[in-house]
$ cat query-v4.cif   # mmCIF, C-alpha atoms, pLDDT in the B column; chains and numbers go by the auth columns
data_work
#
loop_
_atom_site.group_PDB
_atom_site.id
_atom_site.type_symbol
_atom_site.label_atom_id
_atom_site.label_comp_id
_atom_site.label_asym_id
_atom_site.label_seq_id
_atom_site.Cartn_x
_atom_site.Cartn_y
_atom_site.Cartn_z
_atom_site.B_iso_or_equiv
_atom_site.auth_seq_id
_atom_site.auth_asym_id
ATOM 1 C CA MET A 1 11.218 -17.976 -21.198 33.00 1 A
ATOM 2 C CA GLY A 2 14.708 -16.639 -20.511 34.00 2 A
ATOM 3 C CA GLY A 3 13.641 -13.404 -18.771 36.00 3 A
ATOM 4 C CA ALA A 4 11.492 -15.080 -16.193 36.00 4 A
ATOM 5 C CA GLN A 5 14.048 -17.723 -15.342 33.00 5 A
ATOM 6 C CA SER A 6 17.054 -15.422 -15.239 35.00 6 A
ATOM 7 C CA ASN A 7 15.379 -13.310 -12.555 40.00 7 A
ATOM 8 C CA GLY A 8 13.970 -16.302 -10.709 41.00 8 A
ATOM 9 C CA CYS A 9 10.611 -14.626 -11.055 45.00 9 A
ATOM 10 C CA ASN A 10 7.486 -16.715 -10.660 43.00 10 A
ATOM 11 C CA GLY A 11 5.203 -13.719 -11.125 43.00 11 A
ATOM 12 C CA CYS A 12 6.954 -11.877 -13.940 44.00 12 A
ATOM 13 C CA ARG A 13 3.940 -12.011 -16.202 43.00 13 A
ATOM 14 C CA ARG A 14 2.006 -10.083 -13.579 44.00 14 A
ATOM 15 C CA ARG A 15 4.862 -7.587 -13.328 44.00 15 A
ATOM 16 C CA GLN A 16 4.319 -6.678 -16.982 49.00 16 A
ATOM 17 C CA ILE A 17 0.731 -5.562 -16.356 67.00 17 A
ATOM 18 C CA GLN A 18 0.460 -1.885 -17.049 76.00 18 A
ATOM 19 C CA LEU A 19 -1.590 0.440 -14.901 80.00 19 A
ATOM 20 C CA ASP A 20 -3.564 1.690 -17.892 78.00 20 A
ATOM 21 C CA LYS A 21 -5.138 -1.770 -18.104 82.00 21 A
ATOM 22 C CA TYR A 22 -6.623 -1.103 -14.654 84.00 22 A
ATOM 23 C CA LEU A 23 -7.304 2.620 -14.596 92.00 23 A
ATOM 24 C CA ASP A 24 -8.586 4.835 -17.348 94.00 24 A
ATOM 25 C CA GLU A 25 -7.680 8.514 -17.674 94.00 25 A
ATOM 26 C CA ARG A 26 -10.825 9.609 -15.799 96.00 26 A
ATOM 27 C CA GLN A 27 -9.958 7.384 -12.833 96.00 27 A
ATOM 28 C CA ILE A 28 -6.360 8.618 -12.783 95.00 28 A
ATOM 29 C CA HIS A 29 -7.686 12.184 -12.818 96.00 29 A
ATOM 30 C CA LEU A 30 -10.062 11.408 -9.915 97.00 30 A
ATOM 31 C CA ILE A 31 -7.265 9.851 -7.875 97.00 31 A
ATOM 32 C CA GLN A 32 -4.862 12.702 -8.497 97.00 32 A
ATOM 33 C CA THR A 33 -7.519 15.347 -7.849 97.00 33 A
ATOM 34 C CA THR A 34 -8.619 13.774 -4.577 98.00 34 A
ATOM 35 C CA TRP A 35 -4.986 13.228 -3.600 98.00 35 A
ATOM 36 C CA SER A 36 -4.454 16.985 -3.789 97.00 36 A
ATOM 37 C CA ILE A 37 -6.981 17.211 -0.909 97.00 37 A
ATOM 38 C CA LEU A 38 -5.808 14.124 0.978 98.00 38 A
ATOM 39 C CA LYS A 39 -2.156 15.178 1.043 97.00 39 A
ATOM 40 C CA LEU A 40 -3.024 18.302 3.034 97.00 40 A
ATOM 41 C CA ASP A 41 -3.333 16.179 6.190 96.00 41 A
ATOM 42 C CA LEU A 42 -1.351 12.963 5.832 96.00 42 A
ATOM 43 C CA THR A 43 -1.200 12.530 9.603 96.00 43 A
ATOM 44 C CA THR A 44 -4.974 12.377 10.028 97.00 44 A
ATOM 45 C CA LEU A 45 -5.394 10.226 6.940 97.00 45 A
ATOM 46 C CA GLY A 46 -2.691 7.757 7.964 96.00 46 A
ATOM 47 C CA LEU A 47 -3.746 7.502 11.602 95.00 47 A
ATOM 48 C CA THR A 48 -7.398 7.075 10.623 96.00 48 A
ATOM 49 C CA ILE A 49 -6.452 4.204 8.306 96.00 49 A
ATOM 50 C CA PHE A 50 -4.102 2.413 10.692 94.00 50 A
ATOM 51 C CA LEU A 51 -6.196 2.854 13.833 92.00 51 A
ATOM 52 C CA ASN A 52 -9.197 1.530 11.950 95.00 52 A
ATOM 53 C CA LEU A 53 -7.089 -1.359 10.627 94.00 53 A
ATOM 54 C CA PHE A 54 -5.929 -2.299 14.122 89.00 54 A
ATOM 55 C CA ASP A 55 -9.486 -2.092 15.463 89.00 55 A
ATOM 56 C CA ALA A 56 -10.815 -4.298 12.658 93.00 56 A
ATOM 57 C CA GLU A 57 -7.816 -6.655 12.494 91.00 57 A
ATOM 58 C CA PRO A 58 -6.096 -6.633 15.914 84.00 58 A
ATOM 59 C CA ASP A 59 -3.920 -9.625 15.019 84.00 59 A
ATOM 60 C CA LEU A 60 -2.153 -7.486 12.396 87.00 60 A
ATOM 61 C CA LYS A 61 -0.538 -5.536 15.224 83.00 61 A
ATOM 62 C CA MET A 62 1.889 -8.448 15.496 81.00 62 A
ATOM 63 C CA VAL A 63 3.403 -7.383 12.165 85.00 63 A
ATOM 64 C CA PHE A 64 4.487 -4.121 13.825 83.00 64 A
ATOM 65 C CA PRO A 65 6.588 -5.265 16.800 76.00 65 A
ATOM 66 C CA LYS A 66 8.394 -1.912 17.102 78.00 66 A
ATOM 67 C CA MET A 67 5.069 -0.161 17.582 79.00 67 A
ATOM 68 C CA ILE A 68 3.605 -2.616 20.062 75.00 68 A
ATOM 69 C CA ARG A 69 4.625 -2.196 23.678 64.00 69 A
ATOM 70 C CA MET A 70 6.312 -5.050 25.525 57.00 70 A
ATOM 71 C CA ASN A 71 5.221 -5.980 29.035 61.00 71 A
ATOM 72 C CA GLU A 72 7.445 -7.158 31.900 62.00 72 A
ATOM 73 C CA SER A 73 7.062 -10.766 30.685 64.00 73 A
ATOM 74 C CA ASN A 74 8.562 -9.701 27.358 56.00 74 A
ATOM 75 C CA GLN A 75 5.253 -10.313 25.605 55.00 75 A
ATOM 76 C CA LEU A 76 3.706 -7.951 23.115 52.00 76 A
ATOM 77 C CA GLU A 77 0.976 -5.756 24.503 57.00 77 A
ATOM 78 C CA TRP A 78 -1.915 -4.751 22.317 61.00 78 A
ATOM 79 C CA ASP A 79 -1.397 -1.027 22.934 72.00 79 A
ATOM 80 C CA VAL A 80 0.228 0.746 20.030 78.00 80 A
ATOM 81 C CA ASP A 81 2.923 3.385 20.482 82.00 81 A
ATOM 82 C CA ARG A 82 0.985 6.246 18.905 85.00 82 A
ATOM 83 C CA ASP A 83 4.067 8.339 18.049 90.00 83 A
ATOM 84 C CA MET A 84 5.677 5.450 16.158 90.00 84 A
ATOM 85 C CA LEU A 85 2.361 4.635 14.508 90.00 85 A
ATOM 86 C CA GLN A 86 1.990 8.247 13.401 93.00 86 A
ATOM 87 C CA LYS A 87 5.479 8.249 11.865 94.00 87 A
ATOM 88 C CA HIS A 88 4.801 4.984 10.065 92.00 88 A
ATOM 89 C CA ALA A 89 1.364 6.133 8.902 94.00 89 A
ATOM 90 C CA VAL A 90 2.778 9.352 7.440 95.00 90 A
ATOM 91 C CA THR A 91 5.570 7.400 5.724 93.00 91 A
ATOM 92 C CA VAL A 92 3.015 5.047 4.163 93.00 92 A
ATOM 93 C CA MET A 93 0.862 7.979 3.039 95.00 93 A
ATOM 94 C CA GLU A 94 3.917 9.708 1.532 94.00 94 A
ATOM 95 C CA GLY A 95 4.625 6.485 -0.358 91.00 95 A
ATOM 96 C CA LEU A 96 1.043 6.409 -1.562 94.00 96 A
ATOM 97 C CA GLY A 97 1.470 9.988 -2.721 94.00 97 A
ATOM 98 C CA ALA A 98 4.610 9.056 -4.651 91.00 98 A
ATOM 99 C CA ALA A 99 2.619 6.296 -6.341 91.00 99 A
ATOM 100 C CA VAL A 100 -0.199 8.703 -7.206 94.00 100 A
ATOM 101 C CA GLU A 101 2.300 11.120 -8.700 93.00 101 A
ATOM 102 C CA THR A 102 3.819 8.407 -10.941 91.00 102 A
ATOM 103 C CA LEU A 103 0.570 6.962 -12.289 92.00 103 A
ATOM 104 C CA HIS A 104 1.593 7.896 -15.831 89.00 104 A
ATOM 105 C CA ASP A 105 4.875 5.956 -15.552 89.00 105 A
ATOM 106 C CA SER A 106 3.607 2.429 -15.040 86.00 106 A
ATOM 107 C CA GLN A 107 6.995 0.784 -15.565 88.00 107 A
ATOM 108 C CA PHE A 108 8.675 2.858 -12.837 89.00 108 A
ATOM 109 C CA LEU A 109 5.672 2.497 -10.518 91.00 109 A
ATOM 110 C CA ASN A 110 5.752 -1.291 -10.936 91.00 110 A
ATOM 111 C CA LYS A 111 9.416 -1.402 -9.945 90.00 111 A
ATOM 112 C CA VAL A 112 8.766 0.713 -6.851 91.00 112 A
ATOM 113 C CA LEU A 113 5.814 -1.453 -5.820 93.00 113 A
ATOM 114 C CA ILE A 114 7.697 -4.707 -6.394 93.00 114 A
ATOM 115 C CA ALA A 115 10.599 -3.407 -4.289 92.00 115 A
ATOM 116 C CA LEU A 116 8.098 -2.338 -1.636 92.00 116 A
ATOM 117 C CA GLY A 117 6.656 -5.848 -1.656 93.00 117 A
ATOM 118 C CA GLN A 118 10.145 -7.254 -1.132 94.00 118 A
ATOM 119 C CA THR A 119 10.626 -4.960 1.861 92.00 119 A
ATOM 120 C CA HIS A 120 7.302 -6.036 3.336 92.00 120 A
ATOM 121 C CA ASP A 121 8.216 -9.686 2.820 90.00 121 A
ATOM 122 C CA LYS A 122 11.301 -9.150 5.005 91.00 122 A
ATOM 123 C CA ARG A 123 8.964 -7.844 7.714 88.00 123 A
ATOM 124 C CA ASN A 124 6.788 -10.975 7.496 87.00 124 A
ATOM 125 C CA VAL A 125 3.879 -9.216 5.826 90.00 125 A
ATOM 126 C CA LYS A 126 1.963 -11.738 3.747 91.00 126 A
ATOM 127 C CA PRO A 127 0.027 -10.937 0.545 91.00 127 A
ATOM 128 C CA HIS A 128 -3.350 -11.774 2.114 91.00 128 A
ATOM 129 C CA MET A 129 -2.692 -9.129 4.776 92.00 129 A
ATOM 130 C CA LEU A 130 -2.576 -6.362 2.172 93.00 130 A
ATOM 131 C CA LYS A 131 -6.213 -6.951 1.220 92.00 131 A
ATOM 132 C CA LYS A 132 -7.257 -6.429 4.823 95.00 132 A
ATOM 133 C CA MET A 133 -6.210 -2.798 4.632 95.00 133 A
ATOM 134 C CA TRP A 134 -8.688 -1.769 1.918 97.00 134 A
ATOM 135 C CA PRO A 135 -11.726 -1.335 4.213 98.00 135 A
ATOM 136 C CA SER A 136 -9.618 0.917 6.460 97.00 136 A
ATOM 137 C CA MET A 137 -8.427 2.863 3.412 97.00 137 A
ATOM 138 C CA GLN A 138 -12.080 3.491 2.556 98.00 138 A
ATOM 139 C CA VAL A 139 -12.706 4.796 6.069 98.00 139 A
ATOM 140 C CA GLY A 140 -9.728 7.160 5.824 98.00 140 A
ATOM 141 C CA LEU A 141 -10.574 8.382 2.335 98.00 141 A
ATOM 142 C CA SER A 142 -14.186 8.967 3.305 98.00 142 A
ATOM 143 C CA ALA A 143 -13.236 10.766 6.529 97.00 143 A
ATOM 144 C CA ILE A 144 -11.036 13.266 4.704 97.00 144 A
ATOM 145 C CA LEU A 145 -12.970 13.681 1.450 98.00 145 A
ATOM 146 C CA GLY A 146 -16.459 13.756 2.974 97.00 146 A
ATOM 147 C CA ASP A 147 -19.062 14.301 0.250 97.00 147 A
ATOM 148 C CA GLY A 148 -16.256 14.235 -2.314 97.00 148 A
ATOM 149 C CA TYR A 149 -15.863 10.511 -1.683 98.00 149 A
ATOM 150 C CA THR A 150 -18.319 9.405 -4.333 98.00 150 A
ATOM 151 C CA LYS A 151 -18.912 5.916 -5.713 98.00 151 A
ATOM 152 C CA GLU A 152 -16.818 6.845 -8.739 98.00 152 A
ATOM 153 C CA VAL A 153 -13.924 8.049 -6.558 98.00 153 A
ATOM 154 C CA ASN A 154 -14.199 4.921 -4.404 98.00 154 A
ATOM 155 C CA GLU A 155 -14.029 2.697 -7.480 98.00 155 A
ATOM 156 C CA ALA A 156 -10.960 4.508 -8.823 97.00 156 A
ATOM 157 C CA TRP A 157 -9.137 4.211 -5.487 98.00 157 A
ATOM 158 C CA ARG A 158 -10.207 0.556 -5.131 97.00 158 A
ATOM 159 C CA LYS A 159 -8.755 -0.253 -8.538 96.00 159 A
ATOM 160 C CA LEU A 160 -5.523 1.546 -7.694 96.00 160 A
ATOM 161 C CA TYR A 161 -5.266 -0.254 -4.361 96.00 161 A
ATOM 162 C CA THR A 162 -5.871 -3.614 -6.063 94.00 162 A
ATOM 163 C CA TYR A 163 -3.119 -2.803 -8.540 94.00 163 A
ATOM 164 C CA ILE A 164 -0.725 -1.772 -5.768 94.00 164 A
ATOM 165 C CA CYS A 165 -1.389 -5.026 -3.903 94.00 165 A
ATOM 166 C CA MET A 166 -0.915 -7.080 -7.045 93.00 166 A
ATOM 167 C CA GLN A 167 2.464 -5.533 -7.783 93.00 167 A
ATOM 168 C CA MET A 168 3.606 -5.739 -4.153 94.00 168 A
ATOM 169 C CA ARG A 169 2.652 -9.412 -4.196 94.00 169 A
ATOM 170 C CA VAL A 170 5.101 -9.995 -7.062 93.00 170 A
ATOM 171 C CA GLY A 171 7.846 -8.621 -4.823 93.00 171 A
ATOM 172 C CA MET A 172 6.677 -10.638 -1.825 94.00 172 A
ATOM 173 C CA GLU A 173 6.672 -13.839 -3.857 93.00 173 A
ATOM 174 C CA ASN A 174 10.072 -13.034 -5.406 90.00 174 A
ATOM 175 C CA PRO A 175 12.113 -11.472 -2.589 86.00 175 A
ATOM 176 C CA GLU A 176 15.452 -12.129 -4.318 86.00 176 A
ATOM 177 C CA MET A 177 14.438 -10.724 -7.705 85.00 177 A
ATOM 178 C CA ASN A 178 16.647 -7.868 -8.849 84.00 178 A
ATOM 179 C CA VAL A 179 14.585 -4.709 -9.395 78.00 179 A
ATOM 180 C CA ASP A 180 16.786 -2.491 -11.523 75.00 180 A
ATOM 181 C CA PHE A 181 15.692 1.144 -11.609 69.00 181 A
ATOM 182 C CA HIS A 182 18.361 2.013 -14.178 63.00 182 A
ATOM 183 C CA ASP A 183 17.295 -0.217 -17.082 57.00 183 A
ATOM 184 C CA GLU A 184 14.687 2.147 -18.514 50.00 184 A
#

$ encode --input "query-v4.cif" --output "structure tokens"
Amino acid sequence: MGGAQSNGCNGCRRRQIQLDKYLDERQIHLIQTTWSILKLDLTTLGLTIFLNLFDAEPDLKMVFPKMIRMNESNQLEWDVDRDMLQKHAVTVMEGLGAAVETLHDSQFLNKVLIALGQTHDKRNVKPHMLKKMWPSMQVGLSAILGDGYTKEVNEAWRKLYTYICMQMRVGMENPEMNVDFHDE
């Protein structure tokens, strides 16, 4: 009881979920093996994902006001600044790569994802928005991996993405929670 209350954490039980309860060793291997291919072109991967996301969910562009052009009436246009989008997409893909590389350190990964959720909360990203990105992730993964994007690979990545969203949600729901990276 004391740990949850002292952090003001409504979702602390979820924070304790370990990645190995979601992914087995085979799935981790598939993710890391396919990541070695995906990371060769983070720009294409990231742009494919985000452009597909904005096509499928145009209202999500409002979450990215720095990337959306303003018109003379000071209203957001629907055109995305492609250079800014590319920078953001690569940053997100680099973050995904960092997560893939720490799959065997669930405790550290959880802290990173919770902190990432807190950052997204400050940018008005809501937990339900995270789920909307999965179909676009599938498009990006499939575009880069081609025939290597099998049902088994898809399932491994889907499970990882679900886990990432779940941990980010803890941070979004607990934006003031202290995430201490030094208490290992």

$ atom_distance --input "query-v4.cif" --atom1 "atom CA of Met166 of chain A" --atom2 "atom CA of Met67 of chain A"
26.3 Å

$ residues_around --input "query-v4.cif" --residues "segment 131-145 of chain A" --least-positions-apart "5" --cutoff "9 Å" --atoms "only C-alpha atoms" --output "compact mmCIF listing (two decimals) with C-alpha atoms, in the coordinates of the input"
# COMPACT_ATOMS: atom_id res chain seq x y z
CA THR A 34 -8.62 13.77 -4.58
CA ILE A 37 -6.98 17.21 -0.91
CA LEU A 38 -5.81 14.12 0.98
CA ASP A 41 -3.33 16.18 6.19
CA THR A 44 -4.97 12.38 10.03
CA LEU A 45 -5.39 10.23 6.94
CA GLY A 46 -2.69 7.76 7.96
CA LEU A 47 -3.75 7.50 11.60
CA THR A 48 -7.40 7.08 10.62
CA ILE A 49 -6.45 4.20 8.31
CA PHE A 50 -4.10 2.41 10.69
CA LEU A 51 -6.20 2.85 13.83
CA ASN A 52 -9.20 1.53 11.95
CA LEU A 53 -7.09 -1.36 10.63
CA ALA A 56 -10.82 -4.30 12.66
CA GLU A 57 -7.82 -6.66 12.49
CA THR A 150 -18.32 9.40 -4.33
CA ASN A 154 -14.20 4.92 -4.40
CA TRP A 157 -9.14 4.21 -5.49
CA ARG A 158 -10.21 0.56 -5.13
CA TYR A 161 -5.27 -0.25 -4.36
CA THR A 162 -5.87 -3.61 -6.06
CA CYS A 165 -1.39 -5.03 -3.90

$ resolve_selection --input "query-v4.cif" --expression "the PyMOL selection byres ((chain A and resi 86-103) around 8)" --output "list in words"
Leu19, Ile28, Ile31, Gln32, Trp35, Lys39, Leu42, Thr43, Leu45, Gly46, Leu47, Phe50, Arg82, Asp83, Met84, Leu85, His104, Asp105, Ser106, Phe108 and Leu109 of chain A

$ atom_distance --input "query-v4.cif" --atom1 "atom CA of Glu25 of chain A" --atom2 "atom CA of Asp180 of chain A"
27.5 Å

$ residues_near_point --input "query-v4.cif" --point "(6.1, -12.8, -1.3)" --cutoff "10 Å" --atoms "only C-alpha atoms" --output "PyMOL selection string"
chain A and resi 11+114+117-122+124-127+168-176

$ write_last_selection --input "query-v4.cif" --atoms "C-alpha atoms" --output "compact mmCIF listing (two decimals), keeping the file's coordinate frame"
# COMPACT_ATOMS: atom_id res chain seq x y z
CA GLY A 11 5.20 -13.72 -11.12
CA ILE A 114 7.70 -4.71 -6.39
CA GLY A 117 6.66 -5.85 -1.66
CA GLN A 118 10.14 -7.25 -1.13
CA THR A 119 10.63 -4.96 1.86
CA HIS A 120 7.30 -6.04 3.34
CA ASP A 121 8.22 -9.69 2.82
CA LYS A 122 11.30 -9.15 5.00
CA ASN A 124 6.79 -10.98 7.50
CA VAL A 125 3.88 -9.22 5.83
CA LYS A 126 1.96 -11.74 3.75
CA PRO A 127 0.03 -10.94 0.55
CA MET A 168 3.61 -5.74 -4.15
CA ARG A 169 2.65 -9.41 -4.20
CA VAL A 170 5.10 -9.99 -7.06
CA GLY A 171 7.85 -8.62 -4.82
CA MET A 172 6.68 -10.64 -1.82
CA GLU A 173 6.67 -13.84 -3.86
CA ASN A 174 10.07 -13.03 -5.41
CA PRO A 175 12.11 -11.47 -2.59
CA GLU A 176 15.45 -12.13 -4.32

$ atom_distance --input "query-v4.cif" --atom1 "atom CA of Lys159 of chain A" --atom2 "atom CA of Tyr22 of chain A"
6.5 Å

$ closest_residue --input "query-v4.cif" --among "A:Gln18, A:Asn178, A:Gln27, A:Ser36" --to "Val153 of chain A" --atoms "all atoms listed in the file"
A:Gln27

$ closest_residue --input "query-v4.cif" --among "A:Asp147, A:Asp79, A:Glu155, A:Asp55" --to "Asp24 of chain A" --atoms "only C-alpha atoms"
A:Glu155

$ closest_residue --input "query-v4.cif" --among "A:Arg26, A:Thr33, A:Leu113, A:Leu60" --to "Gly148 of chain A" --atoms "only C-alpha atoms"
A:Thr33

$ decode --input "query-v4.cif" --residues "segment 89-100 of chain A" --atoms "all heavy atoms" --output "compact mmCIF listing (two decimals), in the first residue's frame"
# COMPACT_ATOMS: atom_id res chain seq x y z
N ALA A 89 10.05 11.88 -36.78
CA ALA A 89 9.92 10.46 -37.10
C ALA A 89 11.21 9.70 -36.80
O ALA A 89 11.18 8.61 -36.23
CB ALA A 89 9.52 10.29 -38.57
N VAL A 90 12.34 10.29 -37.15
CA VAL A 90 13.63 9.64 -36.87
C VAL A 90 13.86 9.57 -35.36
O VAL A 90 14.31 8.53 -34.85
CB VAL A 90 14.79 10.37 -37.60
CG1 VAL A 90 16.14 9.87 -37.11
CG2 VAL A 90 14.66 10.16 -39.11
N THR A 91 13.52 10.62 -34.65
CA THR A 91 13.66 10.62 -33.19
C THR A 91 12.82 9.50 -32.56
O THR A 91 13.28 8.77 -31.68
CB THR A 91 13.26 11.99 -32.59
OG1 THR A 91 14.13 12.99 -33.14
CG2 THR A 91 13.36 11.99 -31.08
N VAL A 92 11.59 9.36 -33.03
CA VAL A 92 10.71 8.31 -32.51
C VAL A 92 11.29 6.93 -32.83
O VAL A 92 11.31 6.03 -31.99
CB VAL A 92 9.28 8.46 -33.07
CG1 VAL A 92 8.42 7.25 -32.72
CG2 VAL A 92 8.64 9.73 -32.55
N MET A 93 11.79 6.76 -34.04
CA MET A 93 12.37 5.47 -34.43
C MET A 93 13.64 5.18 -33.63
O MET A 93 13.89 4.03 -33.25
CB MET A 93 12.65 5.44 -35.93
CG MET A 93 11.41 5.48 -36.82
SD MET A 93 10.23 4.17 -36.49
CE MET A 93 8.93 5.06 -35.61
N GLU A 94 14.44 6.20 -33.35
CA GLU A 94 15.62 6.00 -32.50
C GLU A 94 15.20 5.57 -31.10
O GLU A 94 15.83 4.71 -30.48
CB GLU A 94 16.47 7.27 -32.46
CG GLU A 94 17.21 7.53 -33.75
CD GLU A 94 17.89 8.90 -33.80
OE1 GLU A 94 17.55 9.78 -32.96
OE2 GLU A 94 18.74 9.10 -34.68
N GLY A 95 14.12 6.16 -30.60
CA GLY A 95 13.59 5.76 -29.30
C GLY A 95 13.10 4.32 -29.31
O GLY A 95 13.32 3.57 -28.36
N LEU A 96 12.46 3.95 -30.40
CA LEU A 96 12.00 2.56 -30.55
C LEU A 96 13.21 1.63 -30.55
O LEU A 96 13.20 0.58 -29.91
CB LEU A 96 11.18 2.40 -31.83
CG LEU A 96 10.64 1.01 -32.11
CD1 LEU A 96 9.72 0.53 -31.01
CD2 LEU A 96 9.92 1.00 -33.46
N GLY A 97 14.26 2.05 -31.23
CA GLY A 97 15.48 1.25 -31.26
C GLY A 97 16.09 1.09 -29.88
O GLY A 97 16.55 0.00 -29.51
N ALA A 98 16.08 2.16 -29.10
CA ALA A 98 16.59 2.08 -27.72
C ALA A 98 15.76 1.09 -26.91
O ALA A 98 16.31 0.32 -26.11
CB ALA A 98 16.58 3.46 -27.09
N ALA A 99 14.46 1.09 -27.13
CA ALA A 99 13.60 0.13 -26.44
C ALA A 99 13.94 -1.30 -26.86
O ALA A 99 14.07 -2.19 -26.02
CB ALA A 99 12.12 0.44 -26.72
N VAL A 100 14.11 -1.50 -28.15
CA VAL A 100 14.43 -2.84 -28.66
C VAL A 100 15.76 -3.33 -28.07
O VAL A 100 15.90 -4.50 -27.74
CB VAL A 100 14.48 -2.84 -30.21
CG1 VAL A 100 15.08 -4.12 -30.76
CG2 VAL A 100 13.07 -2.62 -30.78
